[in-house]
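J.: Just run-v1.txt, nothing more (compact mmCIF, C-alpha atoms):
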```
# COMPACT_ATOMS: atom_id res chain seq x y z
CA MET W 1 20.60 -5.38 -16.99
CA GLU W 2 17.63 -3.14 -16.22
CA LEU W 3 15.50 -6.15 -15.24
CA LEU W 4 18.25 -7.53 -12.98
CA GLY W 5 18.65 -4.16 -11.29
CA ASN W 6 14.89 -3.83 -10.76
CA LEU W 7 14.60 -7.35 -9.36
CA THR W 8 17.52 -6.77 -6.99
CA LEU W 9 15.96 -3.56 -5.67
CA ILE W 10 12.51 -5.16 -5.30
CA LEU W 11 13.76 -8.26 -3.49
CA LEU W 12 16.04 -6.26 -1.19
CA ALA W 13 13.27 -3.78 -0.30
CA THR W 14 10.52 -6.42 0.16
CA THR W 15 12.80 -8.59 2.30
CA ILE W 16 13.60 -5.73 4.69
CA VAL W 17 10.09 -4.25 4.76
CA GLY W 18 8.45 -7.70 5.01
CA HIS W 19 10.63 -8.55 8.02
CA PHE W 20 9.73 -5.40 9.92
CA SER W 21 6.06 -5.54 8.85
CA THR W 22 5.73 -9.03 10.31
CA ARG W 23 7.63 -7.98 13.43
CA ILE W 24 5.15 -5.20 14.23
CA GLY W 25 2.11 -7.35 13.37
CA ILE W 26 1.29 -5.98 9.91
CA PRO W 27 0.73 -8.49 7.06
CA ALA W 28 3.93 -8.73 4.99
CA VAL W 29 1.88 -8.19 1.83
CA ILE W 30 1.05 -4.63 2.97
CA GLY W 31 4.75 -3.86 3.19
CA GLN W 32 5.25 -5.23 -0.33
CA LEU W 33 2.41 -3.08 -1.70
CA LEU W 34 3.89 -0.01 -0.01
CA VAL W 35 7.31 -0.79 -1.53
CA GLY W 36 5.68 -0.50 -4.95
CA ILE W 37 4.03 2.81 -4.06
CA VAL W 38 7.15 4.37 -2.49
CA LEU W 39 9.68 3.18 -5.09
CA GLY W 40 7.29 3.55 -8.04
CA PRO W 41 5.99 6.51 -10.08
CA ALA W 42 3.74 7.66 -7.22
CA MET W 43 6.69 8.81 -5.07
CA LEU W 44 10.42 8.21 -5.73
CA GLY W 45 10.13 7.02 -9.33
CA TRP W 46 12.97 4.49 -9.01
CA LEU W 47 10.86 1.65 -10.37
CA HIS W 48 8.50 1.44 -13.34
CA LEU W 49 6.32 -1.44 -14.50
CA THR W 50 8.36 -2.69 -17.47
CA HIS W 51 7.36 -5.65 -19.67
CA GLY W 52 9.90 -7.79 -17.81
CA LEU W 53 8.44 -6.97 -14.40
CA GLU W 54 4.90 -7.49 -15.72
CA GLY W 55 5.93 -10.98 -16.83
CA PHE W 56 7.38 -11.79 -13.41
CA ALA W 57 4.29 -10.36 -11.70
CA GLU W 58 1.95 -12.43 -13.89
CA ILE W 59 3.87 -15.60 -13.05
CA GLY W 60 3.76 -14.53 -9.39
CA VAL W 61 -0.04 -14.36 -9.20
CA ILE W 62 -0.35 -17.63 -11.14
CA VAL W 63 2.03 -19.41 -8.73
CA LEU W 64 0.29 -17.86 -5.71
CA MET W 65 -3.13 -19.09 -6.83
CA PHE W 66 -1.68 -22.50 -7.74
CA ILE W 67 -0.36 -22.77 -4.16
CA ALA W 68 -3.79 -21.71 -2.85
CA GLY W 69 -5.43 -24.48 -4.87
CA LEU W 70 -2.74 -26.95 -3.81
CA GLU W 71 -3.40 -26.21 -0.13
CA SER W 72 -7.19 -26.18 -0.49
CA ASP W 73 -9.26 -29.05 0.82
CA LEU W 74 -11.49 -30.20 -2.06
CA GLN W 75 -13.95 -31.84 0.33
CA LEU W 76 -14.30 -28.57 2.23
CA LEU W 77 -14.78 -26.64 -1.04
CA LYS W 78 -17.59 -29.05 -1.98
CA ARG W 79 -19.07 -28.76 1.49
CA TYR W 80 -19.11 -24.95 1.32
CA LEU W 81 -20.20 -24.65 -2.33
CA LYS W 82 -23.64 -23.30 -1.41
CA PRO W 83 -22.39 -20.47 0.85
CA SER W 84 -19.69 -19.68 -1.74
CA VAL W 85 -22.35 -19.13 -4.41
CA PHE W 86 -24.44 -16.98 -2.03
CA VAL W 87 -21.38 -14.90 -1.12
CA ALA W 88 -20.32 -14.48 -4.76
CA ILE W 89 -23.74 -13.48 -6.12
CA LEU W 90 -24.50 -10.87 -3.44
CA GLY W 91 -20.83 -9.87 -3.48
CA VAL W 92 -21.27 -8.90 -7.14
CA ILE W 93 -24.78 -7.38 -7.07
CA VAL W 94 -24.25 -4.99 -4.13
CA PRO W 95 -20.90 -3.51 -5.36
CA VAL W 96 -22.31 -3.09 -8.89
CA LEU W 97 -25.28 -1.14 -7.50
CA GLY W 98 -23.12 0.83 -5.07
CA THR W 99 -20.47 1.93 -7.55
CA PHE W 100 -23.13 2.62 -10.19
CA TRP W 101 -24.71 5.02 -7.69
CA VAL W 102 -21.32 6.74 -7.18
CA ALA W 103 -20.92 7.09 -10.95
CA GLU W 104 -24.39 8.60 -11.27
CA LEU W 105 -23.62 10.94 -8.35
CA TYR W 106 -20.62 12.28 -10.30
CA HIS W 107 -22.60 12.39 -13.58
CA LEU W 108 -20.57 9.79 -15.47
CA PRO W 109 -22.00 8.52 -18.79
CA LEU W 110 -24.20 5.40 -18.59
CA THR W 111 -21.65 3.07 -20.25
CA GLU W 112 -18.88 4.29 -17.92
CA SER W 113 -21.18 3.92 -14.90
CA LEU W 114 -21.97 0.32 -15.80
CA PHE W 115 -18.33 -0.49 -16.40
CA LEU W 116 -17.33 1.03 -13.08
CA GLY W 117 -19.68 -1.44 -11.44
CA VAL W 118 -18.03 -4.35 -13.29
CA ILE W 119 -14.57 -3.22 -12.15
CA PHE W 120 -15.52 -3.23 -8.47
CA ALA W 121 -17.59 -6.41 -8.75
CA ALA W 122 -14.38 -8.40 -9.23
CA THR W 123 -12.46 -9.81 -6.27
CA SER W 124 -8.72 -10.41 -6.09
CA VAL W 125 -8.40 -13.21 -3.57
CA SER W 126 -4.60 -13.45 -3.89
CA ILE W 127 -3.96 -10.96 -1.07
CA SER W 128 -6.63 -12.56 1.11
CA VAL W 129 -4.99 -15.94 0.46
CA GLU W 130 -1.65 -14.57 1.67
CA VAL W 131 -3.19 -13.19 4.89
CA LEU W 132 -5.11 -16.43 5.53
CA LYS W 133 -1.92 -18.44 4.98
CA GLU W 134 -0.06 -16.26 7.50
CA MET W 135 -2.86 -16.89 10.02
CA ASN W 136 -3.08 -20.64 9.23
CA ALA W 137 -6.75 -20.10 8.34
CA LEU W 138 -6.75 -21.03 4.65
CA SER W 139 -8.59 -24.31 5.32
CA SER W 140 -10.98 -22.81 7.87
CA ARG W 141 -14.70 -22.55 7.16
CA GLU W 142 -14.29 -18.85 6.39
CA GLY W 143 -11.13 -19.30 4.30
CA THR W 144 -12.62 -22.10 2.21
CA THR W 145 -15.78 -20.08 1.54
CA ILE W 146 -13.70 -17.05 0.50
CA LEU W 147 -11.72 -19.20 -1.96
CA GLY W 148 -14.83 -20.80 -3.44
CA ALA W 149 -16.69 -17.49 -3.66
CA ALA W 150 -13.74 -15.78 -5.35
CA VAL W 151 -13.78 -18.35 -8.17
CA VAL W 152 -17.54 -17.90 -8.73
CA ASP W 153 -17.09 -14.12 -8.35
CA ASP W 154 -14.45 -13.98 -11.11
CA VAL W 155 -16.63 -16.04 -13.46
CA LEU W 156 -19.59 -13.69 -12.87
CA ALA W 157 -17.41 -10.62 -13.42
CA VAL W 158 -16.06 -12.06 -16.69
CA VAL W 159 -19.60 -12.86 -17.89
CA ILE W 160 -20.86 -9.34 -17.05
CA LEU W 161 -17.81 -7.82 -18.75
CA SER W 162 -18.40 -9.95 -21.87
CA VAL W 163 -22.05 -8.86 -22.03
CA LEU W 164 -21.15 -5.18 -21.52
CA VAL W 165 -18.47 -5.30 -24.22
CA SER W 166 -20.83 -7.05 -26.63
CA THR W 167 -23.68 -4.58 -26.08
CA THR W 168 -21.39 -1.60 -26.65
CA GLY W 169 -20.10 -3.22 -29.84
CA THR W 170 -16.44 -2.86 -28.80
CA ALA W 171 -13.95 -5.65 -29.34
CA VAL W 172 -11.79 -6.66 -26.40
CA GLY W 173 -9.13 -9.32 -26.73
CA GLY W 174 -10.50 -10.31 -30.12
CA HIS W 175 -13.98 -11.17 -28.80
CA THR W 176 -16.82 -9.29 -30.47
CA SER W 177 -20.57 -9.49 -30.07
CA SER W 178 -20.76 -11.94 -33.00
CA ASN W 179 -18.75 -14.61 -31.18
CA LEU W 180 -19.90 -13.92 -27.61
CA LEU W 181 -22.00 -17.11 -27.64
CA VAL W 182 -19.00 -19.14 -28.83
CA THR W 183 -16.84 -17.67 -26.06
CA THR W 184 -19.46 -18.48 -23.41
CA LEU W 185 -19.74 -22.06 -24.69
CA MET W 186 -15.94 -22.40 -24.60
CA GLN W 187 -15.91 -21.25 -20.98
CA ILE W 188 -18.58 -23.83 -20.08
CA VAL W 189 -16.54 -26.54 -21.83
CA TYR W 190 -13.47 -25.39 -19.87
CA PHE W 191 -15.20 -25.88 -16.52
CA VAL W 192 -16.51 -29.28 -17.60
CA ALA W 193 -12.98 -30.25 -18.66
CA ILE W 194 -11.69 -29.43 -15.15
CA TYR W 195 -13.46 -32.55 -13.88
CA PHE W 196 -11.51 -34.74 -16.31
CA VAL W 197 -8.26 -32.97 -15.40
CA VAL W 198 -8.82 -33.67 -11.68
CA LYS W 199 -10.01 -37.22 -12.29
CA TRP W 200 -7.53 -38.49 -14.90
CA LEU W 201 -5.02 -36.01 -16.36
CA ALA W 202 -3.46 -34.73 -13.09
CA PRO W 203 -2.94 -38.24 -11.60
CA TYR W 204 -1.42 -39.43 -14.90
CA MET W 205 0.96 -36.44 -15.06
CA ALA W 206 1.90 -36.93 -11.40
CA LYS W 207 2.69 -40.59 -12.07
CA MET W 208 4.76 -39.63 -15.12
CA GLY W 209 6.64 -37.08 -13.03
CA THR W 210 7.75 -39.75 -10.53
CA ARG W 211 9.21 -41.80 -13.40
CA LEU W 212 11.22 -38.99 -15.00
CA LEU W 213 14.96 -39.39 -14.63
CA ILE W 214 15.49 -35.71 -13.80
CA PRO W 215 15.45 -33.72 -10.54
CA MET W 216 12.02 -32.55 -9.34
CA GLY W 217 10.14 -34.34 -12.12
CA GLU W 218 6.85 -34.26 -10.18
CA THR W 219 7.11 -30.50 -9.64
CA LEU W 220 7.94 -29.85 -13.29
CA MET W 221 4.87 -31.79 -14.42
CA ALA W 222 2.74 -29.86 -11.91
CA ILE W 223 4.07 -26.51 -13.21
CA ILE W 224 3.36 -27.61 -16.80
CA LEU W 225 -0.23 -28.39 -15.80
CA CYS W 226 -0.53 -25.07 -13.93
CA PHE W 227 0.76 -22.92 -16.78
CA GLY W 228 -1.18 -24.94 -19.34
CA MET W 229 -4.51 -24.54 -17.55
CA ALA W 230 -3.82 -20.83 -16.95
CA TYR W 231 -3.04 -20.39 -20.66
CA VAL W 232 -6.20 -22.17 -21.82
CA ALA W 233 -8.27 -20.16 -19.31
CA GLU W 234 -6.99 -16.96 -20.94
CA LEU W 235 -7.76 -18.38 -24.40
CA VAL W 236 -11.44 -18.89 -23.51
CA GLY W 237 -11.76 -15.45 -21.93
CA LEU W 238 -11.36 -16.37 -18.27
CA SER W 239 -8.69 -15.12 -15.88
CA ASP W 240 -5.47 -17.14 -15.84
CA VAL W 241 -5.65 -17.25 -12.02
CA VAL W 242 -8.83 -19.35 -12.31
CA GLY W 243 -6.91 -21.95 -14.33
CA ALA W 244 -3.96 -21.89 -11.92
CA PHE W 245 -6.25 -22.34 -8.91
CA PHE W 246 -7.96 -25.41 -10.39
CA ALA W 247 -4.58 -26.82 -11.44
CA GLY W 248 -3.55 -26.61 -7.79
CA ILE W 249 -6.72 -28.38 -6.72
CA ALA W 250 -6.08 -31.11 -9.31
CA ILE W 251 -2.52 -31.73 -8.04
CA SER W 252 -3.75 -31.65 -4.43
CA GLN W 253 -5.72 -34.84 -5.18
CA THR W 254 -2.60 -36.76 -6.22
CA SER W 255 0.12 -38.55 -4.27
CA VAL W 256 2.72 -35.88 -5.11
CA LYS W 257 0.89 -33.03 -3.36
CA SER W 258 3.31 -32.64 -0.44
CA THR W 259 6.38 -32.92 -2.68
CA VAL W 260 5.11 -30.27 -5.11
CA ASP W 261 4.06 -28.00 -2.26
CA ARG W 262 7.51 -28.26 -0.68
CA HIS W 263 9.24 -27.42 -3.98
CA ILE W 264 6.94 -24.73 -5.40
CA GLU W 265 6.74 -22.41 -2.36
CA PRO W 266 10.45 -21.44 -2.39
CA VAL W 267 10.25 -20.72 -6.12
CA GLY W 268 7.20 -18.50 -5.70
CA TYR W 269 8.07 -16.67 -2.50
CA ALA W 270 11.74 -16.15 -3.35
CA VAL W 271 11.11 -14.13 -6.51
CA PHE W 272 7.79 -14.08 -8.32
CA ILE W 273 5.19 -13.43 -5.61
CA PRO W 274 6.96 -10.38 -4.08
CA VAL W 275 7.24 -8.87 -7.59
CA PHE W 276 3.51 -9.37 -8.09
CA PHE W 277 2.55 -7.50 -4.92
CA VAL W 278 5.03 -4.70 -5.66
CA SER W 279 3.57 -4.38 -9.18
CA ILE W 280 0.17 -3.47 -7.72
CA GLY W 281 1.78 -0.53 -5.90
CA LEU W 282 3.60 0.49 -9.08
CA ASN W 283 0.21 1.17 -10.73
CA MET W 284 -0.36 4.09 -8.38
CA ASP W 285 0.23 7.55 -9.85
CA PHE W 286 -0.58 10.74 -7.91
CA ASN W 287 -0.42 13.08 -10.93
CA GLY W 288 -3.66 14.97 -11.47
CA LEU W 289 -5.44 13.21 -8.62
CA GLY W 290 -5.74 16.28 -6.39
CA LYS W 291 -8.91 17.48 -8.13
CA GLN W 292 -10.52 14.03 -7.86
CA ILE W 293 -9.75 13.30 -4.21
CA GLY W 294 -13.45 13.42 -3.27
CA PHE W 295 -14.38 10.97 -6.02
CA ILE W 296 -11.54 8.62 -4.99
CA LEU W 297 -12.49 8.64 -1.30
CA VAL W 298 -16.22 8.11 -1.93
CA LEU W 299 -15.50 5.34 -4.43
CA THR W 300 -13.05 3.64 -2.04
CA VAL W 301 -15.51 3.71 0.88
CA VAL W 302 -18.35 2.38 -1.27
CA ALA W 303 -16.07 -0.29 -2.76
CA VAL W 304 -15.08 -1.55 0.70
CA VAL W 305 -18.51 -1.30 2.35
CA SER W 306 -20.44 -2.78 -0.61
CA LYS W 307 -18.25 -5.93 -0.71
CA LEU W 308 -18.34 -6.23 3.07
CA VAL W 309 -22.14 -5.93 3.15
CA GLY W 310 -22.83 -7.91 -0.04
CA ALA W 311 -20.46 -10.85 0.49
CA GLY W 312 -21.00 -10.81 4.26
CA GLY W 313 -24.76 -10.77 3.73
CA GLY W 314 -24.45 -13.79 1.44
CA ALA W 315 -22.54 -15.66 4.14
CA LYS W 316 -25.19 -14.73 6.72
CA LEU W 317 -27.97 -16.01 4.45
CA ALA W 318 -26.01 -19.26 4.14
CA GLY W 319 -26.12 -19.72 7.92
CA PHE W 320 -22.83 -18.19 9.10
CA SER W 321 -22.62 -16.26 12.36
CA TRP W 322 -22.29 -12.47 12.28
CA LEU W 323 -18.56 -12.66 13.07
CA SER W 324 -17.86 -15.30 10.42
CA SER W 325 -20.01 -13.44 7.87
CA THR W 326 -18.03 -10.25 8.49
CA ALA W 327 -14.75 -12.16 8.06
CA VAL W 328 -15.95 -13.64 4.76
CA GLY W 329 -17.02 -10.18 3.59
CA ALA W 330 -13.61 -8.78 4.58
CA GLY W 331 -11.88 -11.54 2.62
CA MET W 332 -13.74 -10.47 -0.53
CA VAL W 333 -12.95 -6.72 -0.23
CA SER W 334 -9.57 -6.82 -2.00
CA ARG W 335 -9.76 -5.89 -5.72
CA GLY W 336 -6.06 -6.06 -6.62
CA GLU W 337 -5.01 -7.42 -9.99
CA MET W 338 -8.49 -8.57 -11.10
CA ALA W 339 -9.95 -5.05 -10.92
CA LEU W 340 -6.78 -3.56 -12.45
CA ILE W 341 -6.93 -6.01 -15.35
CA ILE W 342 -10.63 -5.28 -15.99
CA ALA W 343 -9.97 -1.52 -15.73
CA GLN W 344 -7.16 -1.84 -18.28
CA ILE W 345 -9.44 -3.83 -20.63
CA GLY W 346 -12.13 -1.17 -20.35
CA TYR W 347 -9.62 1.63 -20.88
CA GLN W 348 -8.32 -0.01 -24.06
CA ALA W 349 -11.89 -0.64 -25.24
CA LYS W 350 -12.78 3.02 -24.59
CA LEU W 351 -15.44 2.09 -22.05
CA MET W 352 -14.03 4.68 -19.65
CA SER W 353 -12.44 8.10 -19.99
CA PRO W 354 -8.70 8.68 -19.43
CA VAL W 355 -9.63 11.41 -16.93
CA ARG W 356 -11.19 8.87 -14.55
CA TYR W 357 -8.77 6.01 -15.15
CA SER W 358 -6.06 7.11 -12.67
CA ALA W 359 -8.66 7.92 -10.03
CA ILE W 360 -10.25 4.48 -10.40
CA VAL W 361 -6.83 2.79 -10.17
CA ALA W 362 -6.15 4.80 -7.00
CA ALA W 363 -9.46 3.66 -5.48
CA ILE W 364 -8.69 0.04 -6.39
CA ILE W 365 -5.30 0.21 -4.67
CA LEU W 366 -6.70 1.98 -1.58
CA ALA W 367 -9.39 -0.71 -1.23
CA THR W 368 -6.70 -3.35 -1.69
CA LEU W 369 -4.56 -1.77 1.04
CA VAL W 370 -7.50 -1.72 3.48
CA ALA W 371 -8.47 -5.35 2.83
CA PRO W 372 -5.64 -7.22 4.63
CA PHE W 373 -6.04 -5.17 7.82
CA LEU W 374 -9.80 -5.74 7.77
CA LEU W 375 -9.44 -9.48 7.14
CA ARG W 376 -6.79 -9.96 9.83
CA TRP W 377 -8.89 -8.10 12.43
CA THR W 378 -12.14 -9.95 11.61
CA MET W 379 -10.43 -13.37 11.53
CA ASN W 380 -8.85 -12.62 14.91
CA GLN W 381 -12.34 -11.86 16.24
CA VAL W 382 -13.62 -15.18 14.84
CA THR W 383 -10.76 -17.08 16.50
CA LYS W 384 -11.30 -15.23 19.77
CA GLY W 385 -15.03 -16.01 19.66
CA GLN W 386 -14.34 -19.71 19.06
CA LYS W 387 -11.95 -19.82 22.02
CA ASP W 388 -14.47 -18.08 24.27
CA ARG W 389 -17.20 -20.55 23.30
CA SER W 390 -14.92 -23.51 23.99
CA LYS W 391 -14.18 -22.15 27.47
CA VAL W 392 -17.84 -21.87 28.46
CA ARG W 393 -18.89 -25.15 26.88
CA PRO W 394 -20.21 -27.45 29.65
CA LEU W 395 -18.42 -30.71 30.31
CA LYS W 396 -20.22 -33.86 29.21
CA ASP W 397 -20.82 -36.66 31.69
```
When written as structure tokens, how does the structure in this file appear?

T.:
Amino acid sequence: MELLGNLTLILLATTIVGHFSTRIGIPAVIGQLLVGIVLGPAMLGWLHLTHGLEGFAEIGVIVLMFIAGLESDLQLLKRYLKPSVFVAILGVIVPVLGTFWVAELYHLPLTESLFLGVIFAATSVSISVEVLKEMNALSSREGTTILGAAVVDDVLAVVILSVLVSTTGTAVGGHTSSNLLVTTLMQIVYFVAIYFVVKWLAPYMAKMGTRLLIPMGETLMAIILCFGMAYVAELVGLSDVVGAFFAGIAISQTSVKSTVDRHIEPVGYAVFIPVFFVSIGLNMDFNGLGKQIGFILVLTVVAVVSKLVGAGGGAKLAGFSWLSSTAVGAGMVSRGEMALIIAQIGYQAKLMSPVRYSAIVAAIILATLVAPFLLRWTMNQVTKGQKDRSKVRPLKD
């Protein structure tokens, strides 16, 4: 009963707020995040992140990233692999250095300083995906690079986290320093296996789905592949969203792509995805943050600027224009669930103090709230620039 009541309240609030957000030109996802903050522990206290809501939210981000993979153009991802790697590498190095400097400025212990850098190295592309989808820019040069870079970014963040955990001798998720090599090898095998999934397994499952004598057989097989790849990704120490994204790409190469896309979006956007975005807001808690307001603001500014400069600089090195580079950087600013998950892992592994945990979560959410506005504005500038260039382009004889 509690879960049903919570879901009813969330869906009612996100529907109303999403409608008016879109009407006044604000990304609907911002309204959903604010619903979580207003109705959650931070303000009214009507909603709390129960196990049931966490389950719905987890499915929401998996479905969202599956849809992103499904709507991604594999040829474009291959074409923009080089800039994606540039964007990801610099988009990790600069935030790690920037947030490490903030930690040193506030005299945090060395281990905590390093871990703070890992938290803000991660990128949560799910919110950027939603904004790009609203703007019909998911398959643009900038959108494709953001998607590709986010995948590489998450892998780098997981590797750095694994190394940090192993060097501090703390077990996280059952992985200790003794089996770090095994975990790394398993992750390499996982990425190699993706090729075989795209080449053979996904087409076979799609074909089986068309032969099933049940409604929506193709979609059911696609969801089985999505959840299966997300589950195995978690088993080898990667994020489940990485598995879901590649499952979407695999299905996008089959003949059932349009059918699955048409069926999966209503399922995701009707229930699971709104719950996911609300859950991010529910992580905000204002208790005891008054004394750390300076730390939160400095950390938020550095988190935003370092991703913008690092990822944007990577795009510029890869040959993008200044406007496009800024848009790519803006698309990588959001930390969202990836940073929250890493922060939770570090908190459980005692890599960070409870005193700083709430402040860090607050900075993550503030950076996440800024990201959609920044991405929408920069992408609008890119579109405007493209239109201006097309107007002044001379006519050919």

J.: What are the nearest atom pairs, with distances in Å to one decimal, for all residues of range 223-289 of chain W that come at most 12 Å from range 141-153 of chain W, using only C-alpha atoms, set out by chain and rising residue number as a tab-separated table?

T.:
```
residue	atom	partner	partner_atom	distance
W:Leu238	CA	W:Val151	CA	10.6
W:Ser239	CA	W:Val151	CA	9.8
W:Asp240	CA	W:Val151	CA	11.4
W:Val241	CA	W:Val151	CA	9.1
W:Val242	CA	W:Val151	CA	6.5
W:Gly243	CA	W:Val151	CA	9.9
W:Ala244	CA	W:Val151	CA	11.1
W:Phe245	CA	W:Val151	CA	8.6
W:Phe246	CA	W:Val151	CA	9.4
W:Ile249	CA	W:Leu147	CA	11.5
```

J.: Measure the distance from CA of Ser113 in chain W to CA of Leu97 in chain W in Å and round it to one decimal.

T.: 9.9 Å

J.: Would you mind listing what lies within 6 Å of range 352-357 of chain W as a list in words, with all atoms listed in the file counted and same-chain residues fewer than 3 positions away left out?

T.: Glu112, Tyr347 and Ile360 of chain W

J.: Which residue gives the smallest distance to Ile26 in chain W among W:Leu374, W:Val382, W:Val125, W:Val94, with only C-alpha atoms counted?

T.: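 Looking only at the distances to Ile26 in chain W, the closest residue turns out to be W:Leu374.
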
J.: Which of these, W:Phe20, W:Gly281, W:Glu2, W:Leu64, has the shortest distance to Tyr269 in chain W once you count all atoms listed in the file?

T.: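 Among W:Phe20, W:Gly281, W:Glu2, W:Leu64, it is W:Leu64 that comes nearest to Tyr269 in chain W.
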
J.: Could you list, as a PyMOL selection string, every residue within 12 Å of Met43 in chain W, counting only C-alpha atoms and ignoring same-chain residues fewer than 3 positions away?

T.: chain W and resi 34-40+46-48+281-287

J.: Report, in Å with one decimal, the straight-line distance from CA of Ser126 in chain W to CA of Met338 in chain W.

T.: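 Those two atoms sit 9.5 Å apart.
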
J.: Nearest residue to Trp200 in chain W out of W:Pro95, W:Glu234, W:Ile251, W:Met135, using all atoms listed in the file?

T.: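 Answer, going by the shortest atom-to-atom distance: W:Ile251.
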
J.: Using all atoms listed in the file, which residues sit within 12 Å of Ala193 in chain W once same-chain residues fewer than 3 positions away are excluded, as a CSV table (one decimal) with C-alpha atoms, in the frame of the given file?

T.:
```csv
chain,number,residue,atom,x,y,z
W,186,MET,CA,-15.9,-22.4,-24.6
W,187,GLN,CA,-15.9,-21.2,-21.0
W,188,ILE,CA,-18.6,-23.8,-20.1
W,189,VAL,CA,-16.5,-26.5,-21.8
W,190,TYR,CA,-13.5,-25.4,-19.9
W,196,PHE,CA,-11.5,-34.7,-16.3
W,197,VAL,CA,-8.3,-33.0,-15.4
W,198,VAL,CA,-8.8,-33.7,-11.7
W,199,LYS,CA,-10.0,-37.2,-12.3
W,200,TRP,CA,-7.5,-38.5,-14.9
W,201,LEU,CA,-5.0,-36.0,-16.4
W,202,ALA,CA,-3.5,-34.7,-13.1
W,229,MET,CA,-4.5,-24.5,-17.6
W,232,VAL,CA,-6.2,-22.2,-21.8
W,233,ALA,CA,-8.3,-20.2,-19.3
W,243,GLY,CA,-6.9,-22.0,-14.3
W,246,PHE,CA,-8.0,-25.4,-10.4
W,247,ALA,CA,-4.6,-26.8,-11.4
W,250,ALA,CA,-6.1,-31.1,-9.3
```

J.: Could you pull the residues within 9 Å of range 289-303 of chain W, counting all atoms listed in the file, minus those fewer than 3 positions along the same chain, as a count of residues only?

T.: 25
